[in-house]
Protein chains: 2
Amino acid sequence: VKRVLVTGATGFIGRQVLAPLVEAGHEVHAVARGAPGQPGPAAVSWHAGDLLAPGAAERIVAAVRPTHLLHLAWYVEHGRFWTGLENVRWVEATLALLRAFAAGGGERAVMAGTSAEYDWAYGFCSEHVTPLRPATLYGIAKDATHRVAAAAAEGSGVALAWGRVFFLYGPHEHPDRLVASVARALAEGRPADVSPGTQVRDFMHVEDVARGFCALVDSPVTGPVNVATGEPARIRDVVAALAEAAGRPDLPRYGALPQPAGDPPVLLADVRRLRDEVGFTPVHGLTSGLAATLEWWSGR
Amino acid sequence: VKRVLVTGATGFIGRQVLAPLVEAGHEVHAVARGAPGQPGPAAVSWHAGDLLAPGAAERIVAAVRPTHLLHLAWYVEHGRFWTGLENVRWVEATLALLRAFAAGGGERAVMAGTSAEYDWAYGFCSEHVTPLRPATLYGIAKDATHRVAAAAAEGSGVALAWGRVFFLYGPHEHPDRLVASVARALAEGRPADVSPGTQVRDFMHVEDVARGFCALVDSPVTGPVNVATGEPARIRDVVAALAEAAGRPDLPRYGALPQPAGDPPVLLADVRRLRDEVGFTPVHGLTSGLAATLEWWSGR
């Protein structure tokens, strides 16, 4: 049986990985800063700990002796995570965690990367083709962590996969992010002010993102793997689908907000590694995923 | 007056920076793992501390309140530093040190990088031209540290320069490295077995490397700066110059050792940034530098 240590287990993606990991028959251990009484199946063992505290990683690894690591924790404060210096602390904490995991006999680690590692000028993001040129401290920190982690893992006999997430939505999203804010407005019958929304993006329901990471845990694939749908969606079409699901196509006001300056026209993932090598396909299409998300926000 | 905190101050380069920094009128503080009684001028204030220990950087920065940081400490164990996992710990320690320095009001940091960050297939290494593609954990760790440190420094108002060192020689070099081992053989009248030595390299006397770093401390230049001579030297010419200085041109046996597989034919630095922007020129030429080095080893 695999002993899987999950970090960031109370987060947006992390809270969705616990049930699939338990269902897959794994022994699941989760780290959280706060007290017990956390989300997810009863079978999950919770461990209190702050990975930014010195020695925390060693202590938790010694207690759990994980064979597998699913590291989702990072600094994600909305509006600040792109540039916050906390990104630097997470570089340090992630490398310390990997060292402790390897020293404790760990076999396979899966970590969360980001589409922001790519040079967005290229639009289509393919793992072994598109240049990496992160433009933000967040992207730089993730990319640098990946570089060191990949070499350190290889040097210590750990198999490492690095899942790059793109645009996600679903339950427990920060209320001010795009899909959540539009869904909330629609649920409350308010107009939804959006940009013209001509940008093409790769949107994935957070449950599928989580399932994709769980598939990576059970796969032998190493290296960077985009965790995305590969389906191009214009932002205005995402808003329109939400409005359609709400029966209120009149509420979105396209162009009421400006297009963000410098926003790239296309950001789309190559998903051949995830689909063909990992063997994963998402459950949700955009229509079902957005309808489920609208329903979740309507029930708040 | 600048308060300069020097790490790695008992190392190969570090021990040579103390006198020039004191002579330049700076208040010099040095970190060492061991007890006091360290090399260098009496004016240097020594602080005991292991930068790999949690909290050490914060403690030392709080005690010194440095305006300038010259960070030379890293994992350098001969024969192991290219691949040792200790490189990962130094990524973490370096970023933690930079965070502490910035939080303590530090103004300017100078850190030691390496020619091993470049893609050696290009031969000529120019800071803003040659692609970075480190082939070793050491190079990967240094490069990744630079990426995060540069962005973090910019985000926290610290000026950061990153000095990339190439091939160096001089007093206190590890006795098994090229110049030291040949100088020792010559000093003892033994034959010196070397490879055919046709590779072109950029050799700099460690005193010049140290002075180059001191010039970087006092310069406003930021970003990567090669700390090298720009003078191409074949390895066999370096050996021949040492033998000439020893009066024993008969002792080198060229080709007695194999050329290392995959060794690049040329590794030469572009030094225009160091020379024209920083305004630094080395004191030693190869002839005087090697003669001084031979003399030092002869006196051991």
# chains A, B, ... in the order shown; residues from 1 in each chain; ligands from 1
>>> closest_atom_pairs(of="chain B", to="chain A", cutoff="10 Å", atoms="only C-alpha atoms", output="JSON lines")
{"residue": "B:Ala53", "atom": "CA", "partner": "A:Pro54", "partner_atom": "CA", "distance": 9.0}
{"residue": "B:Pro54", "atom": "CA", "partner": "A:Pro54", "partner_atom": "CA", "distance": 6.0}
{"residue": "B:Gly55", "atom": "CA", "partner": "A:Pro54", "partner_atom": "CA", "distance": 8.2}
{"residue": "B:Thr83", "atom": "CA", "partner": "A:Gly155", "partner_atom": "CA", "distance": 7.4}
{"residue": "B:Gly84", "atom": "CA", "partner": "A:Gly155", "partner_atom": "CA", "distance": 8.1}
{"residue": "B:Leu85", "atom": "CA", "partner": "A:Ala152", "partner_atom": "CA", "distance": 6.4}
{"residue": "B:Glu86", "atom": "CA", "partner": "A:Ala152", "partner_atom": "CA", "distance": 9.6}
{"residue": "B:Asn87", "atom": "CA", "partner": "A:Ala152", "partner_atom": "CA", "distance": 8.8}
{"residue": "B:Val88", "atom": "CA", "partner": "A:Leu95", "partner_atom": "CA", "distance": 6.9}
{"residue": "B:Arg89", "atom": "CA", "partner": "A:Ala96", "partner_atom": "CA", "distance": 7.4}
{"residue": "B:Trp90", "atom": "CA", "partner": "A:Glu92", "partner_atom": "CA", "distance": 9.7}
{"residue": "B:Val91", "atom": "CA", "partner": "A:Glu92", "partner_atom": "CA", "distance": 7.4}
{"residue": "B:Glu92", "atom": "CA", "partner": "A:Glu92", "partner_atom": "CA", "distance": 4.6}
{"residue": "B:Ala93", "atom": "CA", "partner": "A:Glu92", "partner_atom": "CA", "distance": 7.9}
{"residue": "B:Thr94", "atom": "CA", "partner": "A:Glu92", "partner_atom": "CA", "distance": 9.3}
{"residue": "B:Leu95", "atom": "CA", "partner": "A:Val88", "partner_atom": "CA", "distance": 6.9}
{"residue": "B:Ala96", "atom": "CA", "partner": "A:Arg89", "partner_atom": "CA", "distance": 7.5}
{"residue": "B:Leu98", "atom": "CA", "partner": "A:Val88", "partner_atom": "CA", "distance": 9.7}
{"residue": "B:Arg99", "atom": "CA", "partner": "A:Val88", "partner_atom": "CA", "distance": 8.1}
{"residue": "B:Ala135", "atom": "CA", "partner": "A:Ala151", "partner_atom": "CA", "distance": 9.5}
{"residue": "B:Thr136", "atom": "CA", "partner": "A:Ala151", "partner_atom": "CA", "distance": 8.0}
{"residue": "B:Leu137", "atom": "CA", "partner": "A:Ala151", "partner_atom": "CA", "distance": 5.9}
{"residue": "B:Tyr138", "atom": "CA", "partner": "A:Val148", "partner_atom": "CA", "distance": 9.4}
{"residue": "B:Gly139", "atom": "CA", "partner": "A:Val148", "partner_atom": "CA", "distance": 9.7}
{"residue": "B:Ile140", "atom": "CA", "partner": "A:Val148", "partner_atom": "CA", "distance": 6.2}
{"residue": "B:Ala141", "atom": "CA", "partner": "A:Val148", "partner_atom": "CA", "distance": 5.7}
{"residue": "B:Lys142", "atom": "CA", "partner": "A:Val148", "partner_atom": "CA", "distance": 9.2}
{"residue": "B:Asp143", "atom": "CA", "partner": "A:Ala144", "partner_atom": "CA", "distance": 8.3}
{"residue": "B:Ala144", "atom": "CA", "partner": "A:Ala144", "partner_atom": "CA", "distance": 4.8}
{"residue": "B:Thr145", "atom": "CA", "partner": "A:Ala144", "partner_atom": "CA", "distance": 7.4}
{"residue": "B:His146", "atom": "CA", "partner": "A:Ala144", "partner_atom": "CA", "distance": 9.1}
{"residue": "B:Arg147", "atom": "CA", "partner": "A:Ile140", "partner_atom": "CA", "distance": 6.8}
{"residue": "B:Val148", "atom": "CA", "partner": "A:Ala141", "partner_atom": "CA", "distance": 5.7}
{"residue": "B:Ala149", "atom": "CA", "partner": "A:Val88", "partner_atom": "CA", "distance": 8.3}
{"residue": "B:Ala150", "atom": "CA", "partner": "A:Leu137", "partner_atom": "CA", "distance": 9.4}
{"residue": "B:Ala151", "atom": "CA", "partner": "A:Leu137", "partner_atom": "CA", "distance": 5.9}
{"residue": "B:Ala152", "atom": "CA", "partner": "A:Leu85", "partner_atom": "CA", "distance": 6.4}
{"residue": "B:Ala153", "atom": "CA", "partner": "A:Leu85", "partner_atom": "CA", "distance": 9.3}
{"residue": "B:Glu154", "atom": "CA", "partner": "A:Leu137", "partner_atom": "CA", "distance": 9.7}
{"residue": "B:Gly155", "atom": "CA", "partner": "A:Leu85", "partner_atom": "CA", "distance": 7.3}
{"residue": "B:Ser156", "atom": "CA", "partner": "A:Leu85", "partner_atom": "CA", "distance": 7.9}
>>> residues_around(residues="region 179-189 of chain B", least_positions_apart="4", cutoff="6 Å", atoms="only C-alpha atoms", output="list in words")
Pro175, Leu294 and Ser298 of chain B
>>> residues_around(residues="region 204-214 of chain B", least_positions_apart="5", cutoff="10 Å", atoms="only C-alpha atoms", output="NGL selection string")
:B and (12-21 or 24 or 70-72 or 110-112 or 161-173 or 219 or 225-231 or 274-275 or 278-286 or 288-290 or 292-293)
>>> residues_around(residues="region 255-271 of chain B", least_positions_apart="6", cutoff="6 Å", atoms="only C-alpha atoms", output="number ranges by chain")
B: 123-126, 193-196, 199-202, 230
>>> select_by_dssp(residues="region 33-111 of chain A", states="alpha helix (DSSP H)", output="PyMOL selection string")
chain A and resi 56-64+86-103
>>> closest_residue(among="B:Gly79, B:Pro191, B:Gly299, B:Pro220", to="Asp250 (chain B)", atoms="only C-alpha atoms")
B:Pro191
>>> select_by_dssp(residues="region 24-250 of chain B", states="strand (DSSP E)", output="JSON, numbers by chain")
{"B": [27, 28, 29, 30, 31, 32, 45, 46, 47, 48, 68, 69, 70, 71, 108, 109, 110, 111, 112, 113, 114, 124, 125, 159, 160, 161, 162, 163, 164, 165, 167, 168, 169, 192, 193, 194, 200, 201, 202, 203, 204, 205, 223, 224, 225, 226, 227, 232, 233, 234]}
>>> write_last_selection(atoms="C-alpha atoms", output="CSV table (one decimal), in the first residue's frame")
chain,number,residue,atom,x,y,z
B,27,GLU,CA,33.4,47.9,8.3
B,28,VAL,CA,33.9,44.2,7.7
B,29,HIS,CA,32.0,41.4,9.4
B,30,ALA,CA,32.8,37.8,8.6
B,31,VAL,CA,30.8,34.6,9.3
B,32,ALA,CA,32.6,31.4,10.2
B,45,SER,CA,34.7,41.3,13.2
B,46,TRP,CA,34.1,37.6,13.3
B,47,HIS,CA,30.7,36.0,14.0
B,48,ALA,CA,30.3,32.3,14.8
B,68,HIS,CA,26.2,45.2,2.1
B,69,LEU,CA,26.4,41.5,1.8
B,70,LEU,CA,29.1,39.5,0.1
B,71,HIS,CA,27.9,35.9,0.0
B,108,ARG,CA,23.3,45.7,-1.9
B,109,ALA,CA,24.1,42.0,-2.1
B,110,VAL,CA,26.9,40.4,-4.2
B,111,MET,CA,26.8,36.7,-4.5
B,112,ALA,CA,29.1,34.1,-6.1
B,113,GLY,CA,27.8,32.3,-9.2
B,114,THR,CA,29.6,30.0,-11.5
B,124,PHE,CA,32.3,31.8,-25.1
B,125,CYS,CA,30.3,32.8,-22.1
B,159,ALA,CA,20.6,45.8,-5.6
B,160,LEU,CA,21.9,42.4,-6.5
B,161,ALA,CA,25.0,41.5,-8.5
B,162,TRP,CA,25.9,37.9,-9.3
B,163,GLY,CA,29.6,37.2,-10.0
B,164,ARG,CA,30.2,34.2,-12.1
B,165,VAL,CA,33.6,32.6,-11.4
B,167,PHE,CA,38.8,28.8,-13.3
B,168,LEU,CA,40.9,30.0,-10.5
B,169,TYR,CA,44.1,29.1,-8.8
B,192,ALA,CA,53.6,16.1,-13.2
B,193,ASP,CA,51.2,13.8,-15.1
B,194,VAL,CA,48.6,15.8,-17.0
B,200,VAL,CA,41.2,26.6,-23.7
B,201,ARG,CA,40.1,28.0,-20.3
B,202,ASP,CA,39.8,31.3,-18.5
B,203,PHE,CA,42.2,31.2,-15.5
B,204,MET,CA,42.2,33.9,-12.9
B,205,HIS,CA,44.4,34.2,-9.8
B,223,GLY,CA,22.8,41.3,-12.6
B,224,PRO,CA,25.2,38.7,-13.7
B,225,VAL,CA,28.9,39.7,-14.1
B,226,ASN,CA,31.6,37.3,-15.2
B,227,VAL,CA,34.6,37.5,-12.8
B,232,PRO,CA,42.3,32.4,-23.3
B,233,ALA,CA,44.9,29.9,-21.9
B,234,ARG,CA,45.4,26.3,-23.0
>>> atom_distance(atom1="CA of Ala240 (chain A)", atom2="CA of Pro252 (chain A)")
7.4 Å
>>> atom_distance(atom1="CA of Val76 (chain A)", atom2="CA of Pro41 (chain A)")
24.2 Å
